[in-house]
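Trainee: Input entry19.cif, format and content: mmCIF, C-alpha atoms and all ligand atoms.
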```
data_entry
#
loop_
_atom_site.label_atom_id
_atom_site.label_comp_id
_atom_site.auth_asym_id
_atom_site.auth_seq_id
_atom_site.Cartn_x
_atom_site.Cartn_y
_atom_site.Cartn_z
CA MET A 9 17.40 -1.77 -3.85
CA ALA A 10 18.34 -4.58 -1.46
CA LYS A 11 18.19 -8.10 -2.81
CA PRO A 12 15.11 -10.19 -1.99
CA ILE A 13 15.70 -12.64 0.83
CA LEU A 14 15.38 -16.40 0.54
CA ILE A 15 16.00 -18.71 3.46
CA ALA A 16 16.10 -22.49 3.20
CA ASN A 17 15.02 -23.99 6.51
CA TRP A 18 16.08 -27.62 6.14
CA LYS A 19 14.76 -28.38 9.66
CA ASN A 20 15.85 -31.95 10.54
CA HIS A 21 16.39 -33.03 6.91
CA PRO A 22 17.90 -34.72 4.99
CA ASN A 23 18.77 -37.86 6.90
CA SER A 24 22.24 -38.46 5.51
CA LEU A 25 25.37 -36.63 4.48
CA LYS A 26 25.06 -38.16 1.04
CA GLU A 27 21.61 -36.67 0.51
CA ALA A 28 22.81 -33.29 1.79
CA GLN A 29 25.67 -33.41 -0.70
CA THR A 30 23.29 -34.23 -3.55
CA LEU A 31 21.03 -31.33 -2.61
CA LEU A 32 24.01 -28.95 -2.42
CA LYS A 33 25.20 -30.15 -5.80
CA ASP A 34 21.76 -29.42 -7.30
CA LEU A 35 21.74 -25.97 -5.73
CA SER A 36 25.23 -25.14 -6.93
CA LYS A 37 24.24 -25.86 -10.54
CA LYS A 38 22.01 -22.78 -10.25
CA ARG A 39 24.53 -20.64 -8.40
CA LEU A 40 24.16 -17.74 -10.83
CA LEU A 41 20.45 -17.58 -10.03
CA TYR A 42 21.01 -17.83 -6.28
CA LYS A 43 23.63 -15.09 -6.33
CA LYS A 44 20.88 -12.67 -7.35
CA VAL A 45 19.07 -13.16 -4.04
CA ALA A 46 20.22 -12.91 -0.43
CA LEU A 47 20.20 -16.67 0.08
CA PHE A 48 20.73 -18.29 3.48
CA ILE A 49 20.77 -22.03 4.11
CA ALA A 50 19.87 -23.27 7.61
CA PRO A 51 20.89 -26.94 7.73
CA PRO A 52 20.85 -29.36 10.66
CA GLU A 53 23.96 -28.66 12.73
CA PRO A 54 25.98 -31.74 11.64
CA PHE A 55 25.83 -30.38 8.08
CA LEU A 56 27.01 -26.84 8.89
CA SER A 57 30.54 -27.43 7.69
CA ILE A 58 29.61 -29.21 4.47
CA VAL A 59 27.10 -26.47 3.61
CA ALA A 60 29.72 -23.84 4.42
CA GLU A 61 32.24 -25.61 2.22
CA LYS A 62 29.99 -26.28 -0.77
CA SER A 63 27.81 -23.21 -0.98
CA THR A 64 29.77 -20.14 0.07
CA SER A 65 30.00 -18.92 -3.52
CA PHE A 66 26.22 -18.42 -3.69
CA SER A 67 24.77 -18.45 -0.18
CA GLN A 68 25.39 -17.65 3.46
CA LEU A 69 25.03 -19.91 6.43
CA ALA A 70 22.15 -19.68 8.89
CA SER A 71 21.30 -21.60 12.05
CA GLN A 72 17.85 -22.84 13.03
CA ASP A 73 18.25 -21.53 16.57
CA ILE A 74 20.84 -19.79 18.71
CA PRO A 75 21.60 -20.91 22.25
CA ALA A 76 21.21 -18.43 25.09
CA LEU A 77 23.83 -19.91 27.39
CA SER A 78 25.58 -18.54 30.40
CA LYS A 79 29.34 -19.10 30.66
CA GLY A 80 30.47 -22.59 31.63
CA SER A 81 30.08 -26.11 30.30
CA HIS A 82 26.80 -27.24 28.76
CA THR A 83 26.80 -30.82 27.53
CA GLY A 84 24.63 -31.25 24.47
CA GLU A 85 24.62 -27.57 23.51
CA ILE A 86 26.64 -25.52 21.12
CA THR A 87 27.61 -21.90 21.67
CA PRO A 88 26.99 -18.80 19.59
CA GLU A 89 30.79 -18.60 19.17
CA ILE A 90 30.87 -22.02 17.50
CA LEU A 91 28.07 -21.00 15.15
CA LYS A 92 29.81 -17.74 14.36
CA ASN A 93 33.13 -19.48 13.72
CA PHE A 94 31.44 -21.86 11.31
CA GLY A 95 30.26 -18.86 9.35
CA VAL A 96 26.68 -18.49 10.58
CA ARG A 97 25.42 -15.00 9.73
CA LEU A 98 21.72 -15.33 10.56
CA SER A 99 19.75 -17.29 13.14
CA ILE A 100 16.12 -18.29 12.95
CA ILE A 101 14.74 -17.48 16.40
CA GLY A 102 11.39 -18.43 17.94
CA HIS A 103 10.27 -20.79 15.20
CA SER A 104 6.85 -22.25 16.10
CA GLU A 105 8.32 -25.76 16.10
CA ARG A 106 10.72 -24.68 18.84
CA ARG A 107 7.97 -22.93 20.75
CA ALA A 108 6.00 -26.20 20.57
CA LEU A 109 8.94 -27.74 22.45
CA GLY A 110 8.48 -25.20 25.22
CA GLU A 111 10.45 -22.13 24.15
CA THR A 112 9.01 -19.05 25.84
CA PRO A 113 8.85 -15.37 24.79
CA ALA A 114 11.43 -14.59 27.51
CA GLN A 115 13.85 -17.12 25.99
CA ILE A 116 13.23 -15.73 22.53
CA ARG A 117 14.00 -12.19 23.73
CA GLU A 118 17.22 -13.47 25.30
CA LYS A 119 18.21 -15.28 22.11
CA VAL A 120 17.63 -12.11 20.10
CA ARG A 121 20.03 -10.29 22.42
CA VAL A 122 22.59 -13.09 22.17
CA ALA A 123 22.40 -12.96 18.36
CA LEU A 124 22.79 -9.18 18.31
CA ARG A 125 25.77 -9.37 20.68
CA SER A 126 27.33 -12.06 18.52
CA GLY A 127 26.91 -10.08 15.30
CA VAL A 128 24.41 -12.60 13.91
CA THR A 129 21.16 -11.32 12.34
CA PRO A 130 18.17 -12.53 14.34
CA LEU A 131 15.30 -13.64 12.11
CA ILE A 132 12.43 -13.55 14.58
CA CYS A 133 9.43 -15.73 13.78
CA LEU A 134 5.92 -14.70 14.69
CA GLY A 135 2.44 -15.70 13.66
CA GLU A 136 -0.96 -16.71 14.93
CA LYS A 137 -1.71 -20.34 15.72
CA GLU A 138 -5.23 -20.64 14.35
CA LYS A 139 -6.59 -19.54 11.02
CA ASP A 140 -8.82 -16.55 11.62
CA VAL A 141 -11.15 -14.79 9.20
CA GLU A 142 -12.48 -12.18 11.62
CA GLY A 143 -9.20 -10.27 11.82
CA GLU A 144 -8.63 -11.09 15.47
CA HIS A 145 -5.14 -12.31 14.73
CA PHE A 146 -4.06 -8.71 14.07
CA GLU A 147 -4.26 -7.87 17.76
CA LEU A 148 -2.35 -11.05 18.61
CA LEU A 149 0.37 -10.07 16.17
CA ARG A 150 0.59 -6.59 17.63
CA GLN A 151 1.04 -8.05 21.12
CA GLU A 152 3.63 -10.52 19.89
CA ILE A 153 5.63 -7.82 18.15
CA ARG A 154 5.53 -5.69 21.29
CA SER A 155 6.50 -8.56 23.51
CA LEU A 156 9.36 -9.89 21.37
CA ILE A 157 11.03 -6.75 20.04
CA GLY A 158 9.27 -3.78 21.67
CA ASP A 159 12.16 -3.00 23.98
CA LEU A 160 14.94 -3.08 21.39
CA SER A 161 16.71 0.18 20.74
CA LYS A 162 16.49 1.87 17.35
CA SER A 163 20.01 0.78 16.49
CA GLU A 164 19.24 -2.83 17.50
CA ILE A 165 15.96 -3.00 15.63
CA LYS A 166 17.74 -2.04 12.41
CA LYS A 167 19.71 -5.30 12.67
CA VAL A 168 16.77 -7.69 12.93
CA ALA A 169 14.48 -9.32 10.38
CA LEU A 170 11.00 -10.73 10.91
CA ALA A 171 9.41 -13.85 9.49
CA TYR A 172 5.63 -13.87 9.54
CA GLU A 173 4.75 -17.55 9.73
CA PRO A 174 1.10 -18.32 10.51
CA VAL A 175 1.44 -21.59 12.38
CA TRP A 176 -1.64 -23.09 10.68
CA ALA A 177 0.04 -22.71 7.28
CA ILE A 178 3.35 -24.41 8.11
CA GLY A 179 4.24 -27.79 6.63
CA LYS A 180 1.10 -28.08 4.48
CA SER A 181 0.73 -27.63 0.74
CA ALA A 182 0.27 -24.48 -1.35
CA ASP A 183 -3.54 -25.00 -1.33
CA GLU A 184 -3.54 -24.56 2.43
CA ALA A 185 -1.11 -21.65 2.57
CA ILE A 186 -2.24 -18.09 3.14
CA GLU A 187 -4.11 -16.30 0.34
CA PRO A 188 -2.11 -13.46 -1.22
CA ASN A 189 -4.82 -10.88 -0.35
CA ASP A 190 -4.73 -11.91 3.28
CA LEU A 191 -0.95 -11.73 3.31
CA THR A 192 -1.06 -8.21 1.84
CA GLN A 193 -3.33 -7.10 4.69
CA THR A 194 -1.18 -8.75 7.31
CA VAL A 195 2.07 -7.32 5.99
CA LEU A 196 0.52 -3.85 6.03
CA PHE A 197 -0.60 -4.43 9.58
CA ILE A 198 2.84 -5.64 10.71
CA LYS A 199 4.52 -2.62 9.12
CA LYS A 200 2.04 -0.31 10.83
CA ALA A 201 2.67 -2.00 14.19
CA LEU A 202 6.42 -1.59 13.66
CA ALA A 203 5.97 2.05 12.67
CA ASP A 204 3.93 2.70 15.83
CA LEU A 205 6.81 1.36 17.90
CA PHE A 206 9.87 2.63 16.07
CA GLY A 207 8.69 5.31 13.62
CA ARG A 208 7.96 4.90 9.94
CA ALA A 209 11.52 5.42 8.65
CA VAL A 210 12.99 2.70 10.89
CA ALA A 211 10.03 0.37 10.31
CA ASP A 212 10.51 0.58 6.56
CA GLU A 213 14.04 -0.75 6.95
CA ILE A 214 13.02 -3.90 8.83
CA PRO A 215 12.76 -6.80 6.38
CA VAL A 216 9.55 -8.80 6.76
CA ILE A 217 9.48 -12.15 5.02
CA TYR A 218 6.82 -14.84 4.84
CA GLY A 219 6.97 -18.56 5.61
CA GLY A 220 4.37 -21.32 5.55
CA SER A 221 3.91 -23.71 2.64
CA VAL A 222 5.62 -21.58 0.04
CA GLU A 223 5.84 -23.71 -3.09
CA PRO A 224 6.57 -22.96 -6.76
CA ILE A 225 2.82 -22.74 -7.45
CA ASN A 226 2.03 -19.91 -4.99
CA ALA A 227 5.39 -18.13 -4.74
CA VAL A 228 4.87 -15.57 -7.54
CA GLU A 229 1.55 -14.33 -6.14
CA LEU A 230 2.74 -14.31 -2.53
CA MET A 231 5.74 -12.27 -3.56
CA LYS A 232 3.45 -9.45 -4.74
CA THR A 233 2.18 -8.75 -1.24
CA GLY A 234 4.84 -6.36 0.07
CA ILE A 235 7.04 -8.99 1.70
CA ARG A 236 10.81 -9.05 1.16
CA GLY A 237 11.17 -12.79 0.60
CA PHE A 238 10.47 -16.25 1.95
CA LEU A 239 11.42 -18.68 4.69
CA VAL A 240 10.97 -22.02 2.94
CA GLY A 241 10.75 -25.41 4.63
CA HIS A 242 9.81 -28.53 2.68
CA ALA A 243 10.12 -26.93 -0.76
CA SER A 244 13.76 -26.07 -0.05
CA LEU A 245 14.71 -29.75 0.02
CA LYS A 246 14.31 -30.29 -3.72
CA GLY A 247 16.61 -28.50 -6.16
CA LYS A 248 13.89 -27.95 -8.76
CA SER A 249 11.22 -26.53 -6.45
CA PHE A 250 13.69 -24.26 -4.66
CA GLU A 251 14.98 -22.98 -8.00
CA ALA A 252 11.40 -22.11 -9.06
CA ILE A 253 10.87 -20.26 -5.78
CA ALA A 254 14.12 -18.30 -6.29
CA GLN A 255 12.84 -17.29 -9.72
CA ALA A 256 9.54 -16.22 -8.19
CA VAL A 257 11.31 -14.12 -5.58
CA LEU A 258 13.09 -12.29 -8.39
CA SER A 259 9.96 -11.86 -10.49
CA LYS A 260 8.48 -9.01 -8.44
P1 LIG A 301 7.14 -25.08 5.23
O1 LIG A 301 8.00 -24.64 6.48
O2 LIG A 301 7.62 -24.30 4.05
O3 LIG A 301 7.39 -26.55 5.10
O4 LIG A 301 5.71 -24.76 5.54
C1 LIG A 301 8.28 -23.29 6.72
C2 LIG A 301 8.89 -23.13 8.07
O5 LIG A 301 8.52 -23.88 8.99
O6 LIG A 301 9.76 -22.28 8.28
#
```
Once you've parsed the file, please lay out its structure as structure tokens.

Mentor:
Amino acid sequence: MAKPILIANWKNHPNSLKEAQTLLKDLSKKRLLYKKVALFIAPPEPFLSIVAEKSTSFSQLASQDIPALSKGSHTGEITPEILKNFGVRLSIIGHSERRALGETPAQIREKVRVALRSGVTPLICLGEKEKDVEGEHFELLRQEIRSLIGDLSKSEIKKVALAYEPVWAIGKSADEAIEPNDLTQTVLFIKKALADLFGRAVADEIPVIYGGSVEPINAVELMKTGIRGFLVGHASLKGKSFEAIAQAVLSK
């Protein structure tokens, strides 16, 4: 049985190297716990090397995006090769906070291809913007899945992972996160949509994780919904809360 997946999305935090070092020190105290999960840390780019240096014994490196660049010089950008050489093994692609900056489905598709070509696992984010109780978001999710990964080959699709992140639940608190029952329904729906596209056997191999206000208080229940793990934002910035979430991920 594959390990549950836990991804720390540090976004644009912390503000200083010193704080990043303190956080890494806290995490490393629990390295035996973290070794039991497939842990990835996605820090701001200036901290890639310090994270690589301090946490390789219990985690792998992830990036918060991957550039889809043509050959040539691109001031202000980094290349997939640089990420790869720093040890990045997974890239978060199509996060809603990047889409809010103008990233389009076409760019996301291109980034997925770049990641696959570079040997980096694309973690593709999808999710509806508004909270919906009528079930209309299911159709939106189906369209999004089709649009973002529908034309991948069977061998490519086996190398991707999906993060279901309802945009309305991101960056809030556990009270405002998704209800476990609703997540169970949505995960079933996503798996069915994947099976319709790629067949049940392939669909079952695609890891689907959840992100959006996962905190110690809701992590155990959310983990019982059929998901493979979590993409954690704000609660990954405190050693204690991230440790509790890692325990929850293992509790299933
Ligand atoms: P959050 O962020 O846990 O702070 O809601 C999750 C994410 O944006 O990936």

Trainee: So which residues are near ligand LIG 301 (chain A), meaning at most 6 Å away with all atoms listed in the file counted, given back as a ChimeraX atom specification?

Mentor: /A:17,178-180,219-222,239-242

Trainee: Which residue out of A:Glu53, A:Glu144, A:Glu152, A:Glu89 has the minimum interatomic distance to Tyr172 of chain A when only C-alpha atoms are used?

Mentor: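 Smallest separation from Tyr172 of chain A among the options: A:Glu152.
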
Trainee: Extract, using only C-alpha atoms, all DNA, RNA and protein residues at most 6 Å from Ile217 of chain A, discarding same-chain residues fewer than 4 positions from it, and format them as a list in words.

Mentor: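 Residues meeting the cut-off are Ala171, Ile235, Arg236, Gly237 and Phe238 of chain A.
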
Trainee: If I take atom CA of Ile86 of chain A and atom CA of Lys62 of chain A, how far is one from the other in Å, to one decimal?

Mentor: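 Rounded to one decimal, the two atoms are 22.2 Å apart.
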
Trainee: In Å, rounded to a single decimal, give me how far atom CA of Leu69 of chain A is from atom CA of Ala201 of chain A.

Mentor: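 Interatomic distance, atom CA of Ala201 of chain A to atom CA of Leu69 of chain A: 29.7 Å.
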
Trainee: With distances taken over all atoms listed in the file, which residue among A:Leu191, A:Ala256, A:Ala169, A:Ile132 lies nearest Pro215 of chain A?

Mentor: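 Counting all atoms listed in the file, the residue closest to Pro215 of chain A is A:Ala169.
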
Trainee: Segment 66-150 of chain A near segment 36-44 of chain A within 12 Å: what's each residue's closest atom pair and its distance in Å to one decimal, counting only C-alpha atoms, ordered by chain then ascending residue number, as a tab-separated table?

Mentor:
```
residue	atom	partner	partner_atom	distance
A:Phe66	CA	A:Lys43	CA	5.0
A:Ser67	CA	A:Lys43	CA	7.1
A:Gln68	CA	A:Lys43	CA	10.3
```

Trainee: Would you mind telling me which residue in A:Thr83, A:Ser71, A:Ser63, A:Thr233 lies nearest to Ile100 of chain A when using only C-alpha atoms?

Mentor: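 Counting only C-alpha atoms, the residue closest to Ile100 of chain A is A:Ser71.
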
Trainee: Please write out, as JSON, where the centre of an axis-aligned box around all listed atoms of segment 82-96 of chain A lies and how long its edges are, in Å to one decimal, after adding 4 Å on each side.

Mentor:
```
{"center_x": 28.9, "center_y": -24.5, "center_z": 19.1, "size_x": 16.5, "size_y": 21.5, "size_z": 27.4}
```

Trainee: Would you please work out which residue, of A:Leu98, A:Ala177, A:Leu156, A:Ala46, is nearest to Tyr218 of chain A when using only C-alpha atoms?

Mentor: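 Of A:Leu98, A:Ala177, A:Leu156, A:Ala46, the one nearest Tyr218 of chain A, counting only C-alpha atoms, is A:Ala177.
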
Trainee: Using all atoms listed in the file, which of the listed residues (A:Leu91, A:Leu170, A:Ala50, A:Val216) sits closest to Cys133 of chain A?

Mentor: A:Leu170

Trainee: Quick one: residues within 12 Å of Ile165 of chain A, all atoms listed in the file, excluding same-chain residues fewer than 6 positions away - as an NGL selection string?

Mentor: :A and (120-121 or 124 or 129-132 or 153 or 156-159 or 202-203 or 205-207 or 209-215)

Trainee: Only C-alpha atoms, please: the residues just picked out, written as an mmCIF file, keeping the file's coordinate frame.

Mentor:
```
data_model
loop_
_atom_site.group_PDB
_atom_site.id
_atom_site.type_symbol
_atom_site.label_atom_id
_atom_site.label_comp_id
_atom_site.auth_asym_id
_atom_site.auth_seq_id
_atom_site.Cartn_x
_atom_site.Cartn_y
_atom_site.Cartn_z
ATOM 1 C CA VAL A 120 17.630 -12.110 20.100
ATOM 2 C CA ARG A 121 20.030 -10.290 22.420
ATOM 3 C CA LEU A 124 22.790 -9.180 18.310
ATOM 4 C CA THR A 129 21.160 -11.320 12.340
ATOM 5 C CA PRO A 130 18.170 -12.530 14.340
ATOM 6 C CA LEU A 131 15.300 -13.640 12.110
ATOM 7 C CA ILE A 132 12.430 -13.550 14.580
ATOM 8 C CA ILE A 153 5.630 -7.820 18.150
ATOM 9 C CA LEU A 156 9.360 -9.890 21.370
ATOM 10 C CA ILE A 157 11.030 -6.750 20.040
ATOM 11 C CA GLY A 158 9.270 -3.780 21.670
ATOM 12 C CA ASP A 159 12.160 -3.000 23.980
ATOM 13 C CA LEU A 202 6.420 -1.590 13.660
ATOM 14 C CA ALA A 203 5.970 2.050 12.670
ATOM 15 C CA LEU A 205 6.810 1.360 17.900
ATOM 16 C CA PHE A 206 9.870 2.630 16.070
ATOM 17 C CA GLY A 207 8.690 5.310 13.620
ATOM 18 C CA ALA A 209 11.520 5.420 8.650
ATOM 19 C CA VAL A 210 12.990 2.700 10.890
ATOM 20 C CA ALA A 211 10.030 0.370 10.310
ATOM 21 C CA ASP A 212 10.510 0.580 6.560
ATOM 22 C CA GLU A 213 14.040 -0.750 6.950
ATOM 23 C CA ILE A 214 13.020 -3.900 8.830
ATOM 24 C CA PRO A 215 12.760 -6.800 6.380
#
```
